[in-house]
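So this one's work19.txt, compact mmCIF, C-alpha atoms:
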```txt
# COMPACT_ATOMS: atom_id res chain seq x y z
CA MET A 1 0.00 0.00 0.00
CA ARG A 2 1.38 3.39 -1.03
CA ILE A 3 -0.13 6.47 0.65
CA LEU A 4 0.61 10.08 -0.24
CA HIS A 5 -0.22 12.50 2.58
CA LEU A 6 -1.11 16.15 1.94
CA LEU A 7 -0.15 18.31 4.92
CA ASP A 8 -0.47 21.89 6.07
CA HIS A 9 3.08 21.60 7.46
CA GLY A 10 5.43 18.92 8.72
CA LEU A 11 8.88 18.16 10.06
CA PRO A 12 11.29 19.72 10.87
CA LEU A 13 8.76 22.21 12.28
CA HIS A 14 7.58 21.37 15.78
CA SER A 15 3.88 21.51 16.70
CA GLY A 16 1.13 19.20 17.87
CA TYR A 17 0.18 18.88 14.21
CA THR A 18 3.63 17.71 13.11
CA PHE A 19 4.01 15.34 16.07
CA ARG A 20 0.70 13.62 15.26
CA THR A 21 1.69 13.44 11.58
CA ARG A 22 5.08 11.94 12.37
CA ALA A 23 3.47 9.34 14.64
CA ILE A 24 0.96 8.34 11.96
CA LEU A 25 3.52 8.05 9.18
CA LYS A 26 6.09 6.16 11.27
CA ALA A 27 3.40 3.72 12.48
CA MET A 28 2.32 3.20 8.87
CA GLN A 29 5.90 2.46 7.87
CA ALA A 30 6.12 -0.04 10.73
CA ARG A 31 3.10 -1.85 9.24
CA GLY A 32 4.93 -2.17 5.93
CA TRP A 33 3.08 0.60 4.09
CA THR A 34 5.05 3.03 1.93
CA VAL A 35 4.36 6.69 2.69
CA ALA A 36 5.40 10.14 1.47
CA ALA A 37 4.09 13.62 2.20
CA VAL A 38 3.56 16.94 0.46
CA THR A 39 3.66 20.03 2.67
CA SER A 40 1.75 23.16 1.71
CA ALA A 41 3.03 26.69 1.24
CA ARG A 42 2.46 27.20 4.98
CA GLN A 43 5.61 25.20 5.63
CA GLY A 44 7.51 28.26 4.42
CA GLU A 45 10.75 28.18 2.50
CA SER A 46 12.55 24.84 2.73
CA ALA A 47 16.15 23.87 2.20
CA ALA A 48 15.26 21.73 -0.83
CA PRO A 49 12.17 20.83 -2.89
CA PHE A 50 12.50 17.24 -1.71
CA GLU A 51 13.79 16.19 1.72
CA THR A 52 13.96 13.03 3.80
CA ILE A 53 13.59 13.75 7.52
CA ASP A 54 13.38 11.06 10.18
CA GLY A 55 12.99 8.48 7.42
CA ILE A 56 9.98 10.26 5.86
CA ASP A 57 10.06 11.70 2.32
CA PHE A 58 8.70 15.23 2.01
CA TYR A 59 7.84 17.06 -1.20
CA ARG A 60 7.89 20.81 -0.47
CA THR A 61 5.58 23.40 -2.02
CA THR A 62 7.15 26.72 -2.96
CA PRO A 63 5.17 29.52 -1.29
CA PRO A 64 3.41 31.74 -3.83
CA PRO A 65 3.53 35.56 -3.52
CA ARG A 66 1.42 36.82 -0.64
CA ARG A 67 -2.08 37.95 -1.54
CA PRO A 68 -4.98 39.16 0.62
CA SER A 69 -7.68 36.69 1.67
CA PRO A 70 -9.35 34.86 -0.04
CA LEU A 71 -6.99 35.13 -3.04
CA GLY A 72 -4.08 34.04 -0.90
CA GLU A 73 -5.83 30.85 0.18
CA TRP A 74 -6.82 29.94 -3.38
CA GLN A 75 -3.20 30.45 -4.46
CA GLU A 76 -2.12 28.08 -1.69
CA VAL A 77 -4.58 25.46 -2.93
CA ALA A 78 -3.31 25.86 -6.51
CA ALA A 79 0.33 25.62 -5.41
CA LEU A 80 -0.32 22.50 -3.31
CA THR A 81 -2.25 20.93 -6.18
CA ALA A 82 0.63 21.53 -8.60
CA ARG A 83 3.23 20.14 -6.21
CA GLY A 84 0.93 17.24 -5.32
CA ALA A 85 0.65 16.34 -9.02
CA GLU A 86 4.43 16.22 -9.30
CA ALA A 87 4.59 14.02 -6.21
CA ILE A 88 1.97 11.65 -7.63
CA GLU A 89 3.91 11.28 -10.86
CA ALA A 90 7.06 10.45 -8.89
CA PHE A 91 5.58 8.41 -6.04
CA ARG A 92 2.58 6.73 -7.73
CA PRO A 93 0.37 6.25 -4.66
CA ASP A 94 -2.68 4.04 -4.20
CA ILE A 95 -4.38 6.54 -1.85
CA ILE A 96 -4.29 10.30 -1.27
CA HIS A 97 -4.69 11.17 2.42
CA ALA A 98 -5.26 14.89 3.05
CA HIS A 99 -5.01 16.26 6.57
CA SER A 100 -6.88 19.37 7.69
CA PRO A 101 -7.25 22.33 7.32
CA VAL A 102 -9.75 22.28 4.49
CA LEU A 103 -7.29 23.89 2.03
CA THR A 104 -5.40 20.59 1.80
CA ALA A 105 -8.68 18.76 1.17
CA LEU A 106 -9.53 21.15 -1.68
CA ALA A 107 -6.16 20.38 -3.27
CA GLY A 108 -6.81 16.68 -2.66
CA LEU A 109 -10.18 16.88 -4.45
CA ARG A 110 -8.51 18.45 -7.50
CA LEU A 111 -5.92 15.67 -7.55
CA ARG A 112 -8.62 13.05 -7.07
CA ARG A 113 -10.43 14.29 -10.17
CA ARG A 114 -7.24 14.53 -12.23
CA PHE A 115 -5.71 11.16 -11.37
CA GLY A 116 -8.66 9.01 -10.36
CA LEU A 117 -7.14 8.27 -6.96
CA PRO A 118 -9.34 7.79 -3.88
CA LEU A 119 -9.17 10.56 -1.28
CA VAL A 120 -9.27 10.20 2.49
CA TYR A 121 -9.79 13.52 4.29
CA GLU A 122 -8.68 13.64 7.92
CA ILE A 123 -10.06 16.40 10.15
CA ARG A 124 -8.17 17.26 13.31
CA ALA A 125 -10.25 20.37 14.04
CA PHE A 126 -12.72 22.44 12.09
CA TRP A 127 -10.71 25.31 10.63
CA GLU A 128 -13.49 27.82 11.31
CA ASP A 129 -13.58 26.90 15.01
CA ALA A 130 -9.79 26.84 15.31
CA ARG A 131 -9.64 30.41 14.01
CA VAL A 132 -12.27 31.50 16.52
CA GLY A 133 -10.26 29.81 19.28
CA ASN A 134 -7.11 31.61 18.14
CA GLY A 135 -8.90 34.96 18.15
CA GLN A 136 -8.57 35.37 14.38
CA ARG A 137 -12.29 35.19 13.49
CA ARG A 138 -15.72 35.57 15.05
CA GLU A 139 -18.17 32.69 15.27
CA GLY A 140 -21.07 33.18 12.87
CA SER A 141 -19.26 35.71 10.69
CA LEU A 142 -19.39 35.51 6.89
CA HIS A 143 -15.87 34.06 6.81
CA TYR A 144 -16.86 31.50 9.45
CA ARG A 145 -19.92 30.39 7.48
CA LEU A 146 -18.01 30.18 4.20
CA THR A 147 -15.25 28.10 5.77
CA ARG A 148 -17.83 25.80 7.35
CA ALA A 149 -19.51 25.39 3.96
CA LEU A 150 -16.18 24.47 2.35
CA GLU A 151 -15.56 21.90 5.10
CA SER A 152 -18.96 20.31 4.50
CA HIS A 153 -18.30 20.32 0.74
CA ALA A 154 -14.97 18.52 1.19
CA VAL A 155 -16.55 15.91 3.48
CA ARG A 156 -19.29 15.17 0.94
CA ARG A 157 -16.83 14.79 -1.95
CA ALA A 158 -14.10 12.77 -0.20
CA ASP A 159 -14.23 8.98 -0.52
CA ALA A 160 -13.76 8.57 3.23
CA VAL A 161 -13.32 10.84 6.23
CA ALA A 162 -11.26 10.34 9.38
CA VAL A 163 -11.71 12.47 12.50
CA ILE A 164 -9.75 12.51 15.74
CA CYS A 165 -12.67 12.18 18.13
CA GLU A 166 -16.36 11.39 18.53
CA GLY A 167 -17.20 15.08 18.93
CA LEU A 168 -16.15 15.86 15.37
CA ARG A 169 -17.86 12.75 14.02
CA GLY A 170 -21.13 13.66 15.68
CA ASP A 171 -20.99 17.20 14.31
CA LEU A 172 -20.44 15.96 10.75
CA ILE A 173 -23.30 13.48 11.00
CA ALA A 174 -25.54 16.30 12.26
CA ARG A 175 -24.60 18.21 9.10
CA GLY A 176 -25.81 15.31 6.98
CA ALA A 177 -22.59 13.37 6.38
CA ALA A 178 -23.02 9.62 5.91
CA PRO A 179 -22.00 7.89 9.19
CA GLU A 180 -20.55 4.88 7.34
CA LYS A 181 -17.90 6.97 5.58
CA ILE A 182 -16.49 8.45 8.81
CA ILE A 183 -13.96 6.67 11.00
CA VAL A 184 -12.48 7.88 14.28
CA SER A 185 -8.69 7.87 14.40
CA PRO A 186 -8.06 9.30 17.86
CA ASN A 187 -5.02 11.16 19.04
CA GLY A 188 -2.36 8.71 20.12
CA VAL A 189 1.16 8.52 21.45
CA ASP A 190 4.26 6.92 20.00
CA LEU A 191 5.32 5.09 23.15
CA SER A 192 8.83 4.60 21.80
CA LEU A 193 9.34 8.33 22.45
CA PHE A 194 8.12 8.25 26.04
CA GLY A 195 10.09 6.16 28.47
CA ALA A 196 10.65 6.73 32.16
CA PRO A 197 10.63 10.46 32.95
CA PRO A 198 14.00 11.94 33.84
CA PRO A 199 14.69 12.86 37.47
CA PRO A 200 14.15 16.50 38.47
CA ASP A 201 16.96 18.85 37.51
CA THR A 202 17.90 20.27 40.91
CA ALA A 203 19.93 23.11 39.39
CA LEU A 204 16.95 24.25 37.32
CA ALA A 205 14.62 23.80 40.31
CA ALA A 206 16.89 25.99 42.39
CA GLU A 207 17.10 28.60 39.63
CA LEU A 208 13.29 28.81 39.55
CA ASP A 209 12.97 28.56 43.35
CA LEU A 210 10.92 25.37 43.05
CA ILE A 211 12.81 23.11 45.44
CA GLY A 212 10.24 21.65 47.85
CA ALA A 213 7.36 23.16 45.86
CA GLU A 214 4.12 21.52 44.75
CA THR A 215 4.28 22.51 41.12
CA ILE A 216 1.35 22.92 38.77
CA GLY A 217 2.52 23.31 35.19
CA PHE A 218 1.55 23.98 31.60
CA ILE A 219 3.91 23.63 28.63
CA GLY A 220 2.60 24.70 25.24
CA SER A 221 1.15 27.58 23.24
CA PHE A 222 -0.53 30.47 25.03
CA TYR A 223 -3.85 30.79 23.18
CA ASP A 224 -6.94 32.30 24.79
CA TYR A 225 -8.89 29.02 24.59
CA GLU A 226 -6.27 27.27 26.74
CA GLY A 227 -7.68 29.12 29.77
CA LEU A 228 -4.33 30.02 31.32
CA ASP A 229 -5.82 33.27 32.63
CA ASP A 230 -8.21 31.15 34.71
CA LEU A 231 -5.28 29.11 36.00
CA ILE A 232 -3.46 32.26 37.10
CA ALA A 233 -6.70 33.56 38.67
CA ALA A 234 -6.94 30.32 40.68
CA MET A 235 -3.52 30.70 42.25
CA PRO A 236 -4.37 32.95 45.25
CA ALA A 237 -7.02 30.49 46.48
CA LEU A 238 -4.76 27.52 45.76
CA VAL A 239 -1.82 29.03 47.66
CA ALA A 240 -4.13 29.83 50.58
CA ARG A 241 -4.83 26.10 50.93
CA ARG A 242 -1.43 24.80 49.77
CA PRO A 243 1.26 27.39 50.66
CA GLN A 244 3.94 25.49 48.71
CA ALA A 245 1.90 25.46 45.50
CA ARG A 246 3.65 27.06 42.53
CA LEU A 247 2.61 27.60 38.91
CA LEU A 248 5.11 27.05 36.08
CA LEU A 249 4.10 28.22 32.59
CA VAL A 250 6.45 27.39 29.73
CA GLY A 251 5.79 28.56 26.19
CA GLY A 252 4.52 31.60 24.35
CA GLY A 253 1.87 32.86 22.00
CA PRO A 254 -0.78 35.54 21.53
CA MET A 255 -1.74 35.69 25.22
CA GLU A 256 1.78 35.90 26.64
CA VAL A 257 1.86 39.67 27.27
CA ALA A 258 -1.56 39.67 28.94
CA LEU A 259 -0.69 36.63 31.06
CA ARG A 260 2.55 38.21 32.25
CA ALA A 261 0.68 41.35 33.29
CA GLN A 262 -1.95 39.28 35.09
CA ALA A 263 0.72 37.28 36.92
CA VAL A 264 2.54 40.40 38.10
CA ALA A 265 -0.72 41.88 39.41
CA SER A 266 -1.78 38.66 41.17
CA ALA A 267 -1.88 38.38 44.95
CA ALA A 268 0.03 35.13 44.37
CA ALA A 269 2.66 36.68 42.09
CA HIS A 270 5.44 35.15 44.20
CA ALA A 271 4.11 31.68 43.32
CA ILE A 272 3.92 32.12 39.52
CA ARG A 273 6.78 31.47 37.07
CA LEU A 274 6.47 32.41 33.39
CA VAL A 275 9.68 31.34 31.70
CA GLY A 276 8.67 31.95 28.08
CA ARG A 277 9.68 29.74 25.19
CA VAL A 278 12.49 27.25 25.64
CA PRO A 279 14.37 25.12 23.07
CA HIS A 280 12.58 21.87 22.27
CA SER A 281 15.62 19.97 23.57
CA ALA A 282 15.13 21.59 26.99
CA VAL A 283 11.42 20.88 27.41
CA GLU A 284 12.00 17.63 29.32
CA ARG A 285 13.95 19.52 32.01
CA TYR A 286 10.85 21.58 32.77
CA TYR A 287 8.44 18.63 32.58
CA ALA A 288 10.54 16.91 35.25
CA LEU A 289 9.83 19.74 37.72
CA ILE A 290 6.05 19.53 37.42
CA ASP A 291 3.86 17.49 39.78
CA VAL A 292 0.53 18.15 38.02
CA LEU A 293 0.10 19.13 34.40
CA ALA A 294 -2.96 21.37 34.08
CA TYR A 295 -5.09 21.92 30.97
CA PRO A 296 -7.76 24.51 31.92
CA ARG A 297 -9.33 24.93 28.47
CA LYS A 298 -12.32 27.26 28.20
CA LYS A 299 -15.68 25.86 27.13
CA MET A 300 -16.39 26.58 23.44
CA ARG A 301 -17.08 24.63 20.25
CA LEU A 302 -13.39 24.04 19.62
CA THR A 303 -12.65 22.56 23.05
CA ASP A 304 -15.89 20.57 23.22
CA LEU A 305 -15.35 18.97 19.81
CA VAL A 306 -11.57 18.44 19.69
CA THR A 307 -9.35 16.22 21.82
CA PRO A 308 -5.87 17.61 22.55
CA LEU A 309 -2.66 15.61 22.38
CA LYS A 310 -0.74 16.96 25.37
CA PRO A 311 -2.73 15.20 28.13
CA LEU A 312 -2.03 11.88 26.43
CA GLU A 313 1.69 12.64 26.24
CA ALA A 314 1.62 13.56 29.93
CA MET A 315 -0.13 10.30 30.86
CA ALA A 316 2.35 8.36 28.72
CA GLN A 317 5.09 9.77 30.95
CA ARG A 318 3.12 8.82 34.09
CA ARG A 319 2.39 12.46 34.89
CA LEU A 320 -0.63 13.56 36.91
CA VAL A 321 -3.20 15.37 34.79
CA ALA A 322 -5.89 17.88 35.76
CA ALA A 323 -8.14 19.42 33.10
CA SER A 324 -11.35 21.35 32.56
CA ASP A 325 -14.49 19.29 32.09
CA VAL A 326 -15.04 19.99 28.37
CA GLY A 327 -15.97 17.47 25.70
CA GLY A 328 -12.49 17.08 24.27
CA HIS A 329 -11.04 16.26 27.70
CA ARG A 330 -13.85 13.89 28.68
CA GLU A 331 -12.92 11.59 25.78
CA LEU A 332 -9.42 11.24 27.28
CA ILE A 333 -9.72 11.53 31.06
CA ALA A 334 -11.77 9.46 33.49
CA ASN A 335 -12.29 11.72 36.49
CA GLY A 336 -10.72 10.30 39.61
CA VAL A 337 -9.14 7.42 37.69
CA THR A 338 -6.73 8.64 35.01
CA GLY A 339 -6.94 12.32 35.96
CA THR A 340 -8.94 15.11 37.57
CA LEU A 341 -11.67 17.11 35.82
CA PHE A 342 -12.86 20.50 37.12
CA PRO A 343 -15.57 22.89 35.88
CA PRO A 344 -14.37 25.10 33.02
CA ASP A 345 -14.15 28.89 33.31
CA ASP A 346 -14.25 28.66 37.11
CA PRO A 347 -10.98 29.59 38.90
CA ALA A 348 -12.44 28.88 42.36
CA ALA A 349 -13.48 25.36 41.42
CA MET A 350 -10.12 24.84 39.72
CA ALA A 351 -8.27 25.88 42.88
CA THR A 352 -10.34 23.45 44.97
CA ALA A 353 -9.74 20.54 42.60
CA LEU A 354 -6.00 21.19 42.38
CA ALA A 355 -5.69 21.57 46.16
CA ASP A 356 -7.53 18.28 46.72
CA LEU A 357 -5.28 16.55 44.20
CA LEU A 358 -2.11 17.89 45.81
CA ALA A 359 -3.36 16.69 49.18
CA ASP A 360 -4.14 13.20 47.88
CA ARG A 361 -0.52 12.17 47.39
CA ALA A 362 -1.18 8.58 48.55
CA ASN A 363 -3.23 7.93 45.39
CA TRP A 364 -0.75 9.49 42.95
CA PRO A 365 0.94 6.17 41.99
CA ALA A 366 -2.42 4.56 41.09
CA ARG A 367 -3.38 7.61 39.00
CA ARG A 368 -0.08 7.52 37.15
CA ASP A 369 -0.38 3.80 36.42
CA ALA A 370 -4.00 4.14 35.24
CA GLY A 371 -3.07 6.96 32.86
CA ARG A 372 -0.16 5.03 31.40
CA ASP A 373 -2.31 1.89 31.00
CA PHE A 374 -4.99 3.88 29.16
CA VAL A 375 -2.44 5.22 26.68
CA GLU A 376 -0.82 1.82 26.14
CA ASN A 377 -4.11 0.01 25.55
CA GLU A 378 -6.26 2.62 23.78
CA ARG A 379 -4.10 5.50 22.53
CA ASN A 380 -0.95 3.76 21.30
CA TRP A 381 -0.19 4.67 17.67
CA ALA A 382 1.00 1.15 16.94
CA VAL A 383 -2.63 0.10 17.58
CA ASN A 384 -4.40 3.25 16.40
CA VAL A 385 -2.99 3.23 12.89
CA GLY A 386 -4.72 -0.09 12.25
CA ARG A 387 -8.01 1.84 12.10
CA TYR A 388 -7.00 3.09 8.66
CA ALA A 389 -6.40 -0.39 7.25
CA PRO A 390 -10.03 -1.40 6.47
CA ILE A 391 -10.85 1.88 4.76
CA TYR A 392 -7.61 1.92 2.77
CA GLN A 393 -8.22 -1.66 1.65
CA LYS A 394 -11.82 -0.95 0.70
CA LEU A 395 -10.85 2.08 -1.39
CA SER A 396 -7.92 0.26 -2.97
CA ASP A 397 -10.03 -2.78 -3.85
CA ARG A 398 -12.64 -0.52 -5.43
CA ARG A 399 -10.16 0.91 -7.85
CA ASP A 400 -8.48 -0.78 -10.80
CA ARG A 401 -4.99 0.51 -10.16
CA ILE A 402 -3.53 -0.49 -13.53
CA GLY A 403 -6.45 0.97 -15.44
CA ALA A 404 -6.24 4.19 -13.47
CA TRP A 405 -2.56 4.62 -14.31
CA LYS A 406 -3.21 3.88 -17.97
CA GLY A 407 -5.85 6.61 -17.92
CA PHE A 408 -3.39 8.94 -16.24
CA SER A 409 -0.71 8.26 -18.82
CA ALA A 410 -3.08 8.87 -21.71
CA ALA A 411 -4.33 12.12 -20.19
CA ASN A 412 -0.81 13.43 -19.83
CA ALA A 413 0.68 12.13 -23.09
```
I need this file expressed as structure tokens, please.
Amino acid sequence: MRILHLLDHGLPLHSGYTFRTRAILKAMQARGWTVAAVTSARQGESAAPFETIDGIDFYRTTPPPRRPSPLGEWQEVAALTARGAEAIEAFRPDIIHAHSPVLTALAGLRLRRRFGLPLVYEIRAFWEDARVGNGQRREGSLHYRLTRALESHAVRRADAVAVICEGLRGDLIARGAAPEKIIVSPNGVDLSLFGAPPPPDTALAAELDLIGAETIGFIGSFYDYEGLDDLIAAMPALVARRPQARLLLVGGGPMEVALRAQAVASAAAHAIRLVGRVPHSAVERYYALIDVLAYPRKKMRLTDLVTPLKPLEAMAQRRLVAASDVGGHRELIANGVTGTLFPPDDPAAMATALADLLADRANWPARRDAGRDFVENERNWAVNVGRYAPIYQKLSDRRDRIGAWKGFSAANA
């Protein structure tokens, strides 16, 4: 089986998107499938038009000149389509597998029509909701409705659809999508990357004045929907109950300036550490200082429909996890078993839940083991990638591969 993946971006860039993509492609290779990927103009300028990184072949799309929206997006689709056609000629896949956002699906539909190849469209989040969550658009706006219509169009035209969680599947079915064409390929973890966590770095702990602390932490991007302002707002009440409680925030993003100002003004300012972005190679040093990884996402369509990756990675490393009780978290965390859930958008309730968890140290080992077991048994990419096999086989069997390539050759003679 030969699968060509169309991506918004990929390695060597680092993001939740690229980490999921890498895990999928490496697990497919481990099954004996042959894979390659085409990255869109959003990858930016690359060192070469074709690169092999971590054993994965990448065809790069040259970014077109910048144009205002929506011309810019249509240029991106055209550029990805052109580069995808070149990749198909060189790689000769059995399946095209486009990963959201919808721009990659639109390029995939053009390639499907041109080459007669089946298209799988994988949705990790609805682009319109992601832009609302990032503060770029307003829910219900004209742009929001147009993007939603494009998403529905791509779902109807694709041969099969994969989504990362039940929330997205249910939303598509409510829009009229055929349930039988949608599979759930949940977020997973490549367990080969997550062994025993390293011991705490005492020099770094001393530098941050965290020796002897009970540390709540978040490592990632500072978007409004992550709810980090609520976490900072919870700190005075948490410190009142647990005087050694400290908050460690590592990362950056659109909310960083506002969060820094909020932390400085907090009555618990002495207990809050914002260290900014750190090199990817140093992230493990900060993880090792954290007792409880907190994910206080706000309640909105994006967080109710989409499951994040970071709580799974934390559980894979036997970390304690506490998160807001939104739909995306409920698909990952069993309250009181694999983690702690607290009401969203409620700093007081968050402080109470975190204080109770810090006080319940006797049950920490059982929580850690339960989280690791859940990831091993239900969110391990070596198992998860098998969910694609039946749909790939069905689409491949439905297509006369030799005849399709003869048609392709004649069309391009």
Polymer residues at most 9 Å from A:Pro308, all atoms listed in the file, same-chain spacing of 4 or more positions, as a PyMOL selection string: chain A and resi 16+187+303+312+328-329+332
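In this model, the gap between atom CA of A:Val275 and atom CA of A:Val250 comes to 5.5 Å.
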Near A:Glu331, counting all atoms listed in the file, which residues have an atom at most 10 Å away, once you skip same-chain residues fewer than 6 positions from it, shown as a list in words? Cys165, Glu166, Gly167, Pro186, Asp304, Leu305, Val306, Thr307 and Pro308 of chain A
Could you list, as a PyMOL selection string, every residue within 12 Å of A:Leu109, counting all atoms listed in the file and ignoring same-chain residues fewer than 2 positions away? chain A and resi 6+77-78+80-81+84-85+96-98+102-107+111-121+150+153-160
Counting all atoms listed in the file, which of A:Arg277, A:Arg387, A:Arg361, A:Arg318 gets nearest to A:Val375? A:Arg318
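Note that the spacing between atom CA of A:Arg42 and atom CA of A:Asp8 amounts to 6.2 Å.
Between A:Leu11 and the candidates A:Ile53, A:Leu146, A:Ala355, A:Ala37, the tightest atom-to-atom separation, counting only C-alpha atoms, involves A:Ile53.
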Give the centre and edge lengths of an axis-aligned box, in Å to one decimal, that holds all listed atoms of stretch 147-164 of chain A with 4 Å on each side, as lines of an AutoDock Vina configuration file.
```
center_x = -14.6
center_y = 18.3
center_z = 6.9
size_x = 17.8
size_y = 27.5
size_z = 25.7
```
Which polymer residues, whether protein, DNA or RNA, lie within 6 Å of the coordinate (-15.3, 23.8, 31.1) when you count all atoms listed in the file? List them as a PyMOL selection string, using the chain letters and numbers from the file. chain A and resi 298-299+324-326+343-345
Find the residues around A:Ala41 up to 8 Å (only C-alpha atoms counted), leave out those fewer than 6 positions away in its own chain, and share them as a ChimeraX atom specification. /A:8,60-64,76,79-80
Find, counting all atoms listed in the file, the residue in A:Arg66, A:His99, A:Arg246, A:Arg372 that gets nearest to A:Ile24. A:His99
So which one's closest to A:Arg83, A:Leu204, A:Ala174, A:Leu7, A:Ala294? Using only C-alpha atoms, please. A:Leu7
Could you tell me how far atom CA of A:Gln43 sits from atom CA of A:Leu249, in Å to one decimal place? 27.2 Å
Would you mind writing stretch 109-122 of chain A with N, CA, C and O atoms, as a compact mmCIF listing (two decimals), in the coordinates of the input?
```txt
# COMPACT_ATOMS: atom_id res chain seq x y z
N LEU A 109 -9.05 17.12 -3.55
CA LEU A 109 -10.18 16.88 -4.45
C LEU A 109 -9.79 17.15 -5.90
O LEU A 109 -10.21 16.42 -6.81
N ARG A 110 -8.97 18.17 -6.14
CA ARG A 110 -8.51 18.45 -7.50
C ARG A 110 -7.64 17.29 -8.01
O ARG A 110 -7.76 16.87 -9.17
N LEU A 111 -6.78 16.79 -7.15
CA LEU A 111 -5.92 15.67 -7.55
C LEU A 111 -6.73 14.40 -7.74
O LEU A 111 -6.42 13.58 -8.63
N ARG A 112 -7.74 14.22 -6.93
CA ARG A 112 -8.62 13.05 -7.07
C ARG A 112 -9.28 13.04 -8.46
O ARG A 112 -9.33 12.00 -9.13
N ARG A 113 -9.78 14.20 -8.86
CA ARG A 113 -10.43 14.29 -10.17
C ARG A 113 -9.42 14.06 -11.30
O ARG A 113 -9.73 13.40 -12.29
N ARG A 114 -8.23 14.60 -11.15
CA ARG A 114 -7.24 14.53 -12.23
C ARG A 114 -6.69 13.13 -12.41
O ARG A 114 -6.49 12.66 -13.54
N PHE A 115 -6.42 12.44 -11.29
CA PHE A 115 -5.71 11.16 -11.37
C PHE A 115 -6.58 9.94 -11.08
O PHE A 115 -6.11 8.81 -11.23
N GLY A 116 -7.80 10.15 -10.67
CA GLY A 116 -8.66 9.01 -10.36
C GLY A 116 -8.26 8.24 -9.12
O GLY A 116 -8.59 7.07 -8.98
N LEU A 117 -7.57 8.91 -8.20
CA LEU A 117 -7.14 8.27 -6.96
C LEU A 117 -8.14 8.53 -5.85
O LEU A 117 -8.69 9.63 -5.75
N PRO A 118 -8.42 7.56 -5.00
CA PRO A 118 -9.34 7.79 -3.88
C PRO A 118 -8.73 8.75 -2.87
O PRO A 118 -7.51 8.78 -2.65
N LEU A 119 -9.60 9.53 -2.24
CA LEU A 119 -9.17 10.56 -1.28
C LEU A 119 -9.76 10.28 0.09
O LEU A 119 -10.97 10.14 0.26
N VAL A 120 -8.87 10.21 1.09
CA VAL A 120 -9.27 10.20 2.49
C VAL A 120 -8.98 11.59 3.05
O VAL A 120 -7.88 12.12 2.89
N TYR A 121 -9.97 12.20 3.68
CA TYR A 121 -9.79 13.52 4.29
C TYR A 121 -9.85 13.36 5.80
O TYR A 121 -10.84 12.87 6.34
N GLU A 122 -8.77 13.76 6.46
CA GLU A 122 -8.68 13.64 7.92
C GLU A 122 -8.81 15.01 8.56
O GLU A 122 -8.06 15.93 8.26
```
